[in-house]
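Have a look at run33.cif; it's mmCIF, C-alpha atoms:
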data_input
#
loop_
_atom_site.group_PDB
_atom_site.id
_atom_site.type_symbol
_atom_site.label_atom_id
_atom_site.label_comp_id
_atom_site.auth_asym_id
_atom_site.auth_seq_id
_atom_site.Cartn_x
_atom_site.Cartn_y
_atom_site.Cartn_z
ATOM 1 C CA LEU A 20 -4.190 -6.802 -13.086
ATOM 2 C CA HIS A 21 -7.042 -5.197 -15.003
ATOM 3 C CA LYS A 22 -4.532 -2.748 -16.466
ATOM 4 C CA LEU A 23 -2.271 -5.627 -17.507
ATOM 5 C CA VAL A 24 -5.155 -7.388 -19.243
ATOM 6 C CA ASN A 25 -6.263 -4.184 -20.999
ATOM 7 C CA ASP A 26 -2.817 -3.431 -22.377
ATOM 8 C CA PHE A 27 -1.474 -6.944 -23.002
ATOM 9 C CA GLY A 28 -4.480 -9.268 -22.960
ATOM 10 C CA GLY A 29 -3.656 -10.586 -26.436
ATOM 11 C CA ARG A 30 -0.196 -11.828 -25.397
ATOM 12 C CA LEU A 31 0.823 -15.018 -23.660
ATOM 13 C CA VAL A 32 1.987 -14.541 -20.084
ATOM 14 C CA SER A 33 5.421 -15.789 -21.131
ATOM 15 C CA GLU A 34 5.693 -12.913 -23.644
ATOM 16 C CA ILE A 35 5.318 -10.181 -21.022
ATOM 17 C CA THR A 36 8.652 -8.550 -20.189
ATOM 18 C CA MET A 37 9.905 -6.359 -17.408
ATOM 19 C CA GLU A 38 9.817 -3.424 -19.845
ATOM 20 C CA HIS A 39 6.095 -3.999 -20.461
ATOM 21 C CA LEU A 40 5.369 -3.975 -16.726
ATOM 22 C CA ASP A 41 7.716 -1.086 -16.082
ATOM 23 C CA GLY A 42 5.823 0.939 -18.692
ATOM 24 C CA LEU A 43 2.527 0.214 -16.932
ATOM 25 C CA ILE A 44 3.944 1.241 -13.571
ATOM 26 C CA ASP A 45 6.363 4.043 -14.399
ATOM 27 C CA GLY A 46 4.813 5.600 -17.464
ATOM 28 C CA CYS A 47 1.530 6.619 -15.867
ATOM 29 C CA GLY A 48 2.787 9.178 -13.364
ATOM 30 C CA TYR A 49 1.780 7.202 -10.262
ATOM 31 C CA GLU A 50 3.080 8.099 -6.807
ATOM 32 C CA ALA A 51 5.873 5.866 -5.472
ATOM 33 C CA LEU A 52 3.597 3.994 -3.071
ATOM 34 C CA THR A 53 1.133 3.152 -5.860
ATOM 35 C CA GLN A 54 4.017 2.031 -8.082
ATOM 36 C CA ASN A 55 5.121 -0.358 -5.348
ATOM 37 C CA HIS A 56 1.581 -1.733 -5.001
ATOM 38 C CA TYR A 57 1.483 -2.425 -8.749
ATOM 39 C CA ARG A 58 4.906 -4.077 -8.557
ATOM 40 C CA THR A 59 3.761 -6.305 -5.696
ATOM 41 C CA THR A 60 0.585 -7.282 -7.540
ATOM 42 C CA PHE A 61 2.526 -8.129 -10.698
ATOM 43 C CA ARG A 62 5.122 -10.112 -8.726
ATOM 44 C CA SER A 63 2.399 -12.165 -7.047
ATOM 45 C CA PHE A 64 0.620 -12.805 -10.322
ATOM 46 C CA PHE A 65 3.756 -13.890 -12.182
ATOM 47 C CA THR A 66 4.890 -16.057 -9.248
ATOM 48 C CA TRP A 67 1.522 -17.808 -9.508
ATOM 49 C CA CYS A 68 2.013 -18.155 -13.296
ATOM 50 C CA ARG A 69 5.540 -19.536 -12.896
ATOM 51 C CA LYS A 70 4.361 -22.183 -10.413
ATOM 52 C CA ARG A 71 1.839 -23.336 -12.995
ATOM 53 C CA LYS A 72 4.490 -23.324 -15.730
ATOM 54 C CA TYR A 73 2.802 -20.557 -17.756
ATOM 55 C CA CYS A 74 6.144 -18.743 -17.838
ATOM 56 C CA ILE A 75 9.770 -19.509 -16.993
ATOM 57 C CA SER A 76 10.620 -16.350 -15.090
ATOM 58 C CA ASN A 77 8.939 -13.563 -13.197
ATOM 59 C CA PRO A 78 9.452 -10.289 -15.112
ATOM 60 C CA ALA A 79 8.249 -8.229 -12.146
ATOM 61 C CA GLU A 80 11.094 -9.398 -9.892
ATOM 62 C CA ASP A 81 13.575 -7.070 -11.569
ATOM 63 C CA ILE A 82 11.442 -3.931 -11.308
ATOM 64 C CA GLU A 83 13.065 -1.603 -8.822
ATOM 65 C CA VAL A 84 11.168 -0.668 -5.696
ATOM 66 C CA ALA A 85 10.209 3.001 -5.830
ATOM 67 C CA GLU A 86 11.523 5.114 -2.976
ATOM 68 C CA VAL A 87 8.621 6.297 -0.830
ATOM 69 C CA ASP A 88 8.913 9.557 1.043
ATOM 70 C CA GLU A 89 7.605 8.894 4.526
ATOM 71 C CA HIS A 90 5.751 11.872 5.935
ATOM 72 C CA GLU A 91 5.263 12.375 9.608
ATOM 73 C CA PRO A 92 1.628 12.814 10.592
ATOM 74 C CA VAL A 93 0.743 16.471 10.914
ATOM 75 C CA ILE A 94 -1.679 17.858 13.437
ATOM 76 C CA LEU A 95 -4.301 20.166 11.993
ATOM 77 C CA THR A 96 -4.966 23.430 13.756
ATOM 78 C CA LEU A 97 -8.322 23.864 15.449
ATOM 79 C CA ASP A 98 -9.487 26.182 12.657
ATOM 80 C CA GLN A 99 -8.396 23.699 9.988
ATOM 81 C CA ALA A 100 -10.230 20.849 11.724
ATOM 82 C CA LYS A 101 -13.384 22.980 12.065
ATOM 83 C CA SER A 102 -13.242 23.936 8.376
ATOM 84 C CA LEU A 103 -12.829 20.314 7.363
ATOM 85 C CA LEU A 104 -15.749 19.225 9.569
ATOM 86 C CA ARG A 105 -18.018 21.982 8.234
ATOM 87 C CA ALA A 106 -17.156 21.047 4.656
ATOM 88 C CA ALA A 107 -17.712 17.327 5.301
ATOM 89 C CA LEU A 108 -21.041 18.007 6.973
ATOM 90 C CA SER A 109 -22.366 20.218 4.189
ATOM 91 C CA TYR A 110 -21.052 18.237 1.217
ATOM 92 C CA LYS A 111 -23.591 15.788 -0.318
ATOM 93 C CA GLN A 112 -25.632 15.482 2.887
ATOM 94 C CA GLY A 113 -22.557 14.507 4.917
ATOM 95 C CA VAL A 114 -21.426 11.564 2.804
ATOM 96 C CA MET A 115 -17.837 12.026 4.066
ATOM 97 C CA ILE A 116 -18.556 12.818 7.715
ATOM 98 C CA ALA A 117 -17.856 9.318 9.104
ATOM 99 C CA TYR A 118 -14.537 9.126 7.280
ATOM 100 C CA VAL A 119 -13.409 12.581 8.409
ATOM 101 C CA THR A 120 -14.490 12.185 12.042
ATOM 102 C CA LEU A 121 -12.926 8.730 12.383
ATOM 103 C CA GLY A 122 -9.644 10.266 11.276
ATOM 104 C CA LEU A 123 -9.913 13.398 13.386
ATOM 105 C CA PHE A 124 -11.416 12.062 16.623
ATOM 106 C CA ALA A 125 -10.358 8.402 16.666
ATOM 107 C CA GLY A 126 -6.952 8.879 15.057
ATOM 108 C CA LEU A 127 -7.545 6.122 12.525
ATOM 109 C CA ARG A 128 -5.299 6.019 9.477
ATOM 110 C CA PRO A 129 -6.878 6.245 6.009
ATOM 111 C CA ALA A 130 -6.048 2.580 5.308
ATOM 112 C CA GLU A 131 -7.666 1.533 8.595
ATOM 113 C CA ILE A 132 -10.848 3.458 7.803
ATOM 114 C CA GLY A 133 -10.854 1.955 4.319
ATOM 115 C CA ARG A 134 -10.960 -1.575 5.732
ATOM 116 C CA LEU A 135 -13.236 -0.787 8.669
ATOM 117 C CA ARG A 136 -16.869 -1.931 8.635
ATOM 118 C CA TRP A 137 -19.776 -0.835 10.816
ATOM 119 C CA ASN A 138 -19.907 -4.246 12.504
ATOM 120 C CA LYS A 139 -16.544 -3.391 14.105
ATOM 121 C CA ILE A 140 -17.911 -0.123 15.521
ATOM 122 C CA ASP A 141 -19.786 -0.639 18.787
ATOM 123 C CA LEU A 142 -21.607 2.640 19.388
ATOM 124 C CA ASN A 143 -23.276 1.386 22.585
ATOM 125 C CA GLY A 144 -19.999 0.178 24.081
ATOM 126 C CA LYS A 145 -18.205 3.170 22.533
ATOM 127 C CA LEU A 146 -15.434 1.026 21.057
ATOM 128 C CA ILE A 147 -13.909 0.443 17.630
ATOM 129 C CA ALA A 148 -12.347 -2.998 17.246
ATOM 130 C CA GLY A 149 -9.491 -2.756 14.788
ATOM 131 C CA ASN A 150 -8.572 -6.390 14.313
ATOM 132 C CA GLY A 151 -5.637 -7.687 12.291
ATOM 133 C CA LEU A 152 -7.376 -6.740 9.064
ATOM 134 C CA THR A 153 -7.618 -3.054 9.891
ATOM 135 C CA ALA A 154 -4.776 -2.137 12.206
ATOM 136 C CA LYS A 155 -1.265 -1.266 11.065
ATOM 137 C CA ARG A 156 1.148 -4.173 11.433
ATOM 138 C CA ARG A 157 -1.824 -6.545 11.714
ATOM 139 C CA LYS A 158 -2.163 -6.184 15.500
ATOM 140 C CA ARG A 159 -5.490 -6.052 17.310
ATOM 141 C CA ARG A 160 -6.334 -2.495 18.214
ATOM 142 C CA LEU A 161 -9.162 -1.100 20.316
ATOM 143 C CA VAL A 162 -10.041 2.573 20.021
ATOM 144 C CA GLU A 163 -12.422 4.315 22.400
ATOM 145 C CA ILE A 164 -15.195 6.372 20.859
ATOM 146 C CA SER A 165 -15.292 9.769 22.526
ATOM 147 C CA ASP A 166 -18.614 11.463 23.217
ATOM 148 C CA ASN A 167 -18.076 13.994 20.432
ATOM 149 C CA LEU A 168 -17.160 11.272 17.911
ATOM 150 C CA LEU A 169 -20.293 9.359 18.887
ATOM 151 C CA LEU A 170 -22.451 12.406 18.141
ATOM 152 C CA TRP A 171 -20.827 12.813 14.730
ATOM 153 C CA LEU A 172 -21.150 9.106 13.848
ATOM 154 C CA LEU A 173 -24.801 8.564 14.845
ATOM 155 C CA PRO A 174 -26.294 10.318 11.769
ATOM 156 C CA ALA A 175 -23.917 8.344 9.509
ATOM 157 C CA VAL A 176 -24.802 4.848 10.770
ATOM 158 C CA GLY A 177 -25.388 2.477 7.891
ATOM 159 C CA ARG A 178 -23.763 4.711 5.302
ATOM 160 C CA SER A 179 -20.545 3.650 3.666
ATOM 161 C CA LEU A 180 -17.504 4.717 5.680
ATOM 162 C CA VAL A 181 -15.653 5.296 2.405
ATOM 163 C CA PRO A 182 -18.033 6.449 -0.354
ATOM 164 C CA LYS A 183 -17.889 5.013 -3.857
ATOM 165 C CA ASN A 184 -16.412 8.221 -5.296
ATOM 166 C CA PHE A 185 -14.151 8.760 -2.309
ATOM 167 C CA ARG A 186 -11.236 10.510 -4.015
ATOM 168 C CA ARG A 187 -13.455 13.007 -5.825
ATOM 169 C CA ASP A 188 -15.588 13.612 -2.720
ATOM 170 C CA PHE A 189 -12.614 13.971 -0.379
ATOM 171 C CA ASP A 190 -10.862 16.360 -2.750
ATOM 172 C CA ALA A 191 -14.066 18.408 -2.976
ATOM 173 C CA ILE A 192 -14.389 18.805 0.800
ATOM 174 C CA ARG A 193 -10.699 19.634 1.081
ATOM 175 C CA ARG A 194 -11.124 22.432 -1.459
ATOM 176 C CA GLN A 195 -14.325 23.583 0.252
ATOM 177 C CA ALA A 196 -12.418 23.694 3.556
ATOM 178 C CA GLY A 197 -9.739 25.877 1.973
ATOM 179 C CA PHE A 198 -6.966 23.311 1.444
ATOM 180 C CA LYS A 199 -5.150 23.625 -1.853
ATOM 181 C CA GLY A 200 -2.742 20.649 -1.800
ATOM 182 C CA SER A 201 -2.516 17.759 0.600
ATOM 183 C CA LEU A 202 -3.803 18.250 4.120
ATOM 184 C CA SER A 203 -0.401 17.512 5.605
ATOM 185 C CA LYS A 204 1.376 20.093 3.404
ATOM 186 C CA ASN A 205 -1.140 22.805 4.336
ATOM 187 C CA ALA A 206 -0.813 22.008 8.031
ATOM 188 C CA GLU A 207 2.988 22.025 7.804
ATOM 189 C CA ASP A 208 2.961 25.392 6.040
ATOM 190 C CA GLU A 209 0.652 26.922 8.624
ATOM 191 C CA ASN A 210 2.637 25.489 11.550
ATOM 192 C CA ARG A 211 5.894 27.106 10.319
#

Represent the supplied structure as structure tokens.
Amino acid sequence: LHKLVNDFGGRLVSEITMEHLDGLIDGCGYEALTQNHYRTTFRSFFTWCRKRKYCISNPAEDIEVAEVDEHEPVILTLDQAKSLLRAALSYKQGVMIAYVTLGLFAGLRPAEIGRLRWNKIDLNGKLIAGNGLTAKRRKRRLVEISDNLLLWLLPAVGRSLVPKNFRRDFDAIRRQAGFKGSLSKNAEDENR
């Protein structure tokens, strides 16, 4: 909504059209999934506005849902995983090591790691409790912490699981590890 306020903050809510919103979503070169997140946010906001009689209709309802290409998870080779771990360990005193190891050794999805907090990681009991807020499809999920994951996580305790400059930091360790594009594309190319 910050983007909406920046671009159209001087207008009444009732003056915002589908074309205005479409320009914010489509015209910025966002990936399909991000476009859909914007659309959902705008729909929710304008539904709230309509209920309060700030506008008659919801201009976001007519924005088409972007088609998202679903990619199957790809398994990294042993050498790729080692390179990624080395890069994460050496980059900015290991700021990304918890994120990388939770993905590699616990099989957590990026969105799950993003919502995970240290209070849900029981290092003594060697268990990660992915409750409805972290697990896909909002189901409770328990993940065992392997011995090797425990050793990687111990030095990271108390640090943010997803650093403030995550995208820049993650891209930097990917490049340092030798990946040029997305991790999944590199793994697919090597597995062919």

What gap, in Å, lies between CA of Gly177 (chain A) and CA of Ala117 (chain A)?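 Spanning CA of Gly177 (chain A) to CA of Ala117 (chain A) is a straight-line distance of 10.2 Å.
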
Env of Ser109 (chain A): 12 Å cut, atoms = all atoms listed in the file, seq-sep filter 4 positions within chain, self excluded. Answer as a list in words. Ser102, Leu103, Leu104, Arg105, Gly113, Val114, Met115, Ile116, Asp188, Ala191, Ile192, Gln195 and Ala196 of chain A

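The gap separating CA of Ala148 (chain A) from CA of Glu163 (chain A) is 8.9 Å, in Å to one decimal.
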
On this file, the PyMOL selection byres ((chain A and resi 123) around 10) gives some set of residues; write that set as number ranges by chain. A: 94-95, 100, 103-104, 117-122, 124-128, 168

Writing out the chosen residues with C-alpha atoms as a tab-separated table (two decimals), in the frame of the given file:
chain	number	residue	atom	x	y	z
A	94	ILE	CA	-1.68	17.86	13.44
A	95	LEU	CA	-4.30	20.17	11.99
A	100	ALA	CA	-10.23	20.85	11.72
A	103	LEU	CA	-12.83	20.31	7.36
A	104	LEU	CA	-15.75	19.23	9.57
A	117	ALA	CA	-17.86	9.32	9.10
A	118	TYR	CA	-14.54	9.13	7.28
A	119	VAL	CA	-13.41	12.58	8.41
A	120	THR	CA	-14.49	12.18	12.04
A	121	LEU	CA	-12.93	8.73	12.38
A	122	GLY	CA	-9.64	10.27	11.28
A	124	PHE	CA	-11.42	12.06	16.62
A	125	ALA	CA	-10.36	8.40	16.67
A	126	GLY	CA	-6.95	8.88	15.06
A	127	LEU	CA	-7.54	6.12	12.52
A	128	ARG	CA	-5.30	6.02	9.48
A	168	LEU	CA	-17.16	11.27	17.91

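If you look at CA of Lys101 (chain A) and CA of Glu50 (chain A), they are 29.1 Å away from each other.
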
Expand the PyMOL selection byres ((chain A and resi 61) around 9) into the explicit residue set it covers here, and present it as a compact mmCIF listing (two decimals) with C-alpha atoms, keeping the file's coordinate frame.
# COMPACT_ATOMS: atom_id res chain seq x y z
CA LEU A 20 -4.19 -6.80 -13.09
CA LEU A 23 -2.27 -5.63 -17.51
CA LEU A 40 5.37 -3.98 -16.73
CA HIS A 56 1.58 -1.73 -5.00
CA TYR A 57 1.48 -2.42 -8.75
CA ARG A 58 4.91 -4.08 -8.56
CA THR A 59 3.76 -6.30 -5.70
CA THR A 60 0.58 -7.28 -7.54
CA ARG A 62 5.12 -10.11 -8.73
CA SER A 63 2.40 -12.16 -7.05
CA PHE A 64 0.62 -12.80 -10.32
CA PHE A 65 3.76 -13.89 -12.18
CA THR A 66 4.89 -16.06 -9.25
CA ASN A 77 8.94 -13.56 -13.20
CA PRO A 78 9.45 -10.29 -15.11
CA ALA A 79 8.25 -8.23 -12.15
CA GLU A 80 11.09 -9.40 -9.89

For Ile147 (chain A), which residue among A:Arg69, A:Lys183, A:Arg193, A:Arg160 is the nearest when counting all atoms listed in the file?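 Between A:Arg69, A:Lys183, A:Arg193, A:Arg160, the residue approaching Ile147 (chain A) most closely is A:Arg160.
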
Taking (-13.4, -2.8, 20.9) as a centre in this file's frame and 9 Å as the limit, can you find every polymer residue with an atom that close, using all atoms listed in the file, and give them as a ChimeraX atom specification? /A:139-141,144-150,160-163

Taking the file above as input, evaluate the PyMOL selection byres ((chain A and resi 38) around 12) and report the hits as an MDAnalysis selection string. chainID A and resid 34:37 39:46 78:83

Those residues with C-alpha atoms, as an mmCIF file, keeping the file's coordinate frame please?
data_model
loop_
_atom_site.group_PDB
_atom_site.id
_atom_site.type_symbol
_atom_site.label_atom_id
_atom_site.label_comp_id
_atom_site.auth_asym_id
_atom_site.auth_seq_id
_atom_site.Cartn_x
_atom_site.Cartn_y
_atom_site.Cartn_z
ATOM 1 C CA GLU A 34 5.693 -12.913 -23.644
ATOM 2 C CA ILE A 35 5.318 -10.181 -21.022
ATOM 3 C CA THR A 36 8.652 -8.550 -20.189
ATOM 4 C CA MET A 37 9.905 -6.359 -17.408
ATOM 5 C CA HIS A 39 6.095 -3.999 -20.461
ATOM 6 C CA LEU A 40 5.369 -3.975 -16.726
ATOM 7 C CA ASP A 41 7.716 -1.086 -16.082
ATOM 8 C CA GLY A 42 5.823 0.939 -18.692
ATOM 9 C CA LEU A 43 2.527 0.214 -16.932
ATOM 10 C CA ILE A 44 3.944 1.241 -13.571
ATOM 11 C CA ASP A 45 6.363 4.043 -14.399
ATOM 12 C CA GLY A 46 4.813 5.600 -17.464
ATOM 13 C CA PRO A 78 9.452 -10.289 -15.112
ATOM 14 C CA ALA A 79 8.249 -8.229 -12.146
ATOM 15 C CA GLU A 80 11.094 -9.398 -9.892
ATOM 16 C CA ASP A 81 13.575 -7.070 -11.569
ATOM 17 C CA ILE A 82 11.442 -3.931 -11.308
ATOM 18 C CA GLU A 83 13.065 -1.603 -8.822
#

Test item: which residues lie within 6 Å of (-17.8, -0.1, 7.9) counting only C-alpha atoms, as a PDB file with C-alpha atoms, in the coordinates of the input:
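As written to disk, selection_32.pdb reads:
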ATOM      1  CA  LEU A 135     -13.236  -0.787   8.669  1.00  0.00           C
ATOM      2  CA  ARG A 136     -16.869  -1.931   8.635  1.00  0.00           C
ATOM      3  CA  TRP A 137     -19.776  -0.835  10.816  1.00  0.00           C
ATOM      4  CA  LEU A 180     -17.504   4.717   5.680  1.00  0.00           C
TER       5      LEU A 180
END

From the options A:Arg194, A:Val24, A:Leu31, A:Trp171, which residue's atoms come nearest to Ala106 (chain A), counting only C-alpha atoms?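 Nearest to Ala106 (chain A): A:Arg194.
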
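Each of A:Ser33, A:Asn143, A:Ser179, A:Asn138 was checked against Tyr73 (chain A) using all atoms listed in the file; the smallest atom-to-atom distance is that of A:Ser33.
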
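Proximity of A:Asp190, A:Pro129, A:Leu108, A:Asn55 to Leu172 (chain A), computed with all atoms listed in the file, is greatest for A:Leu108.
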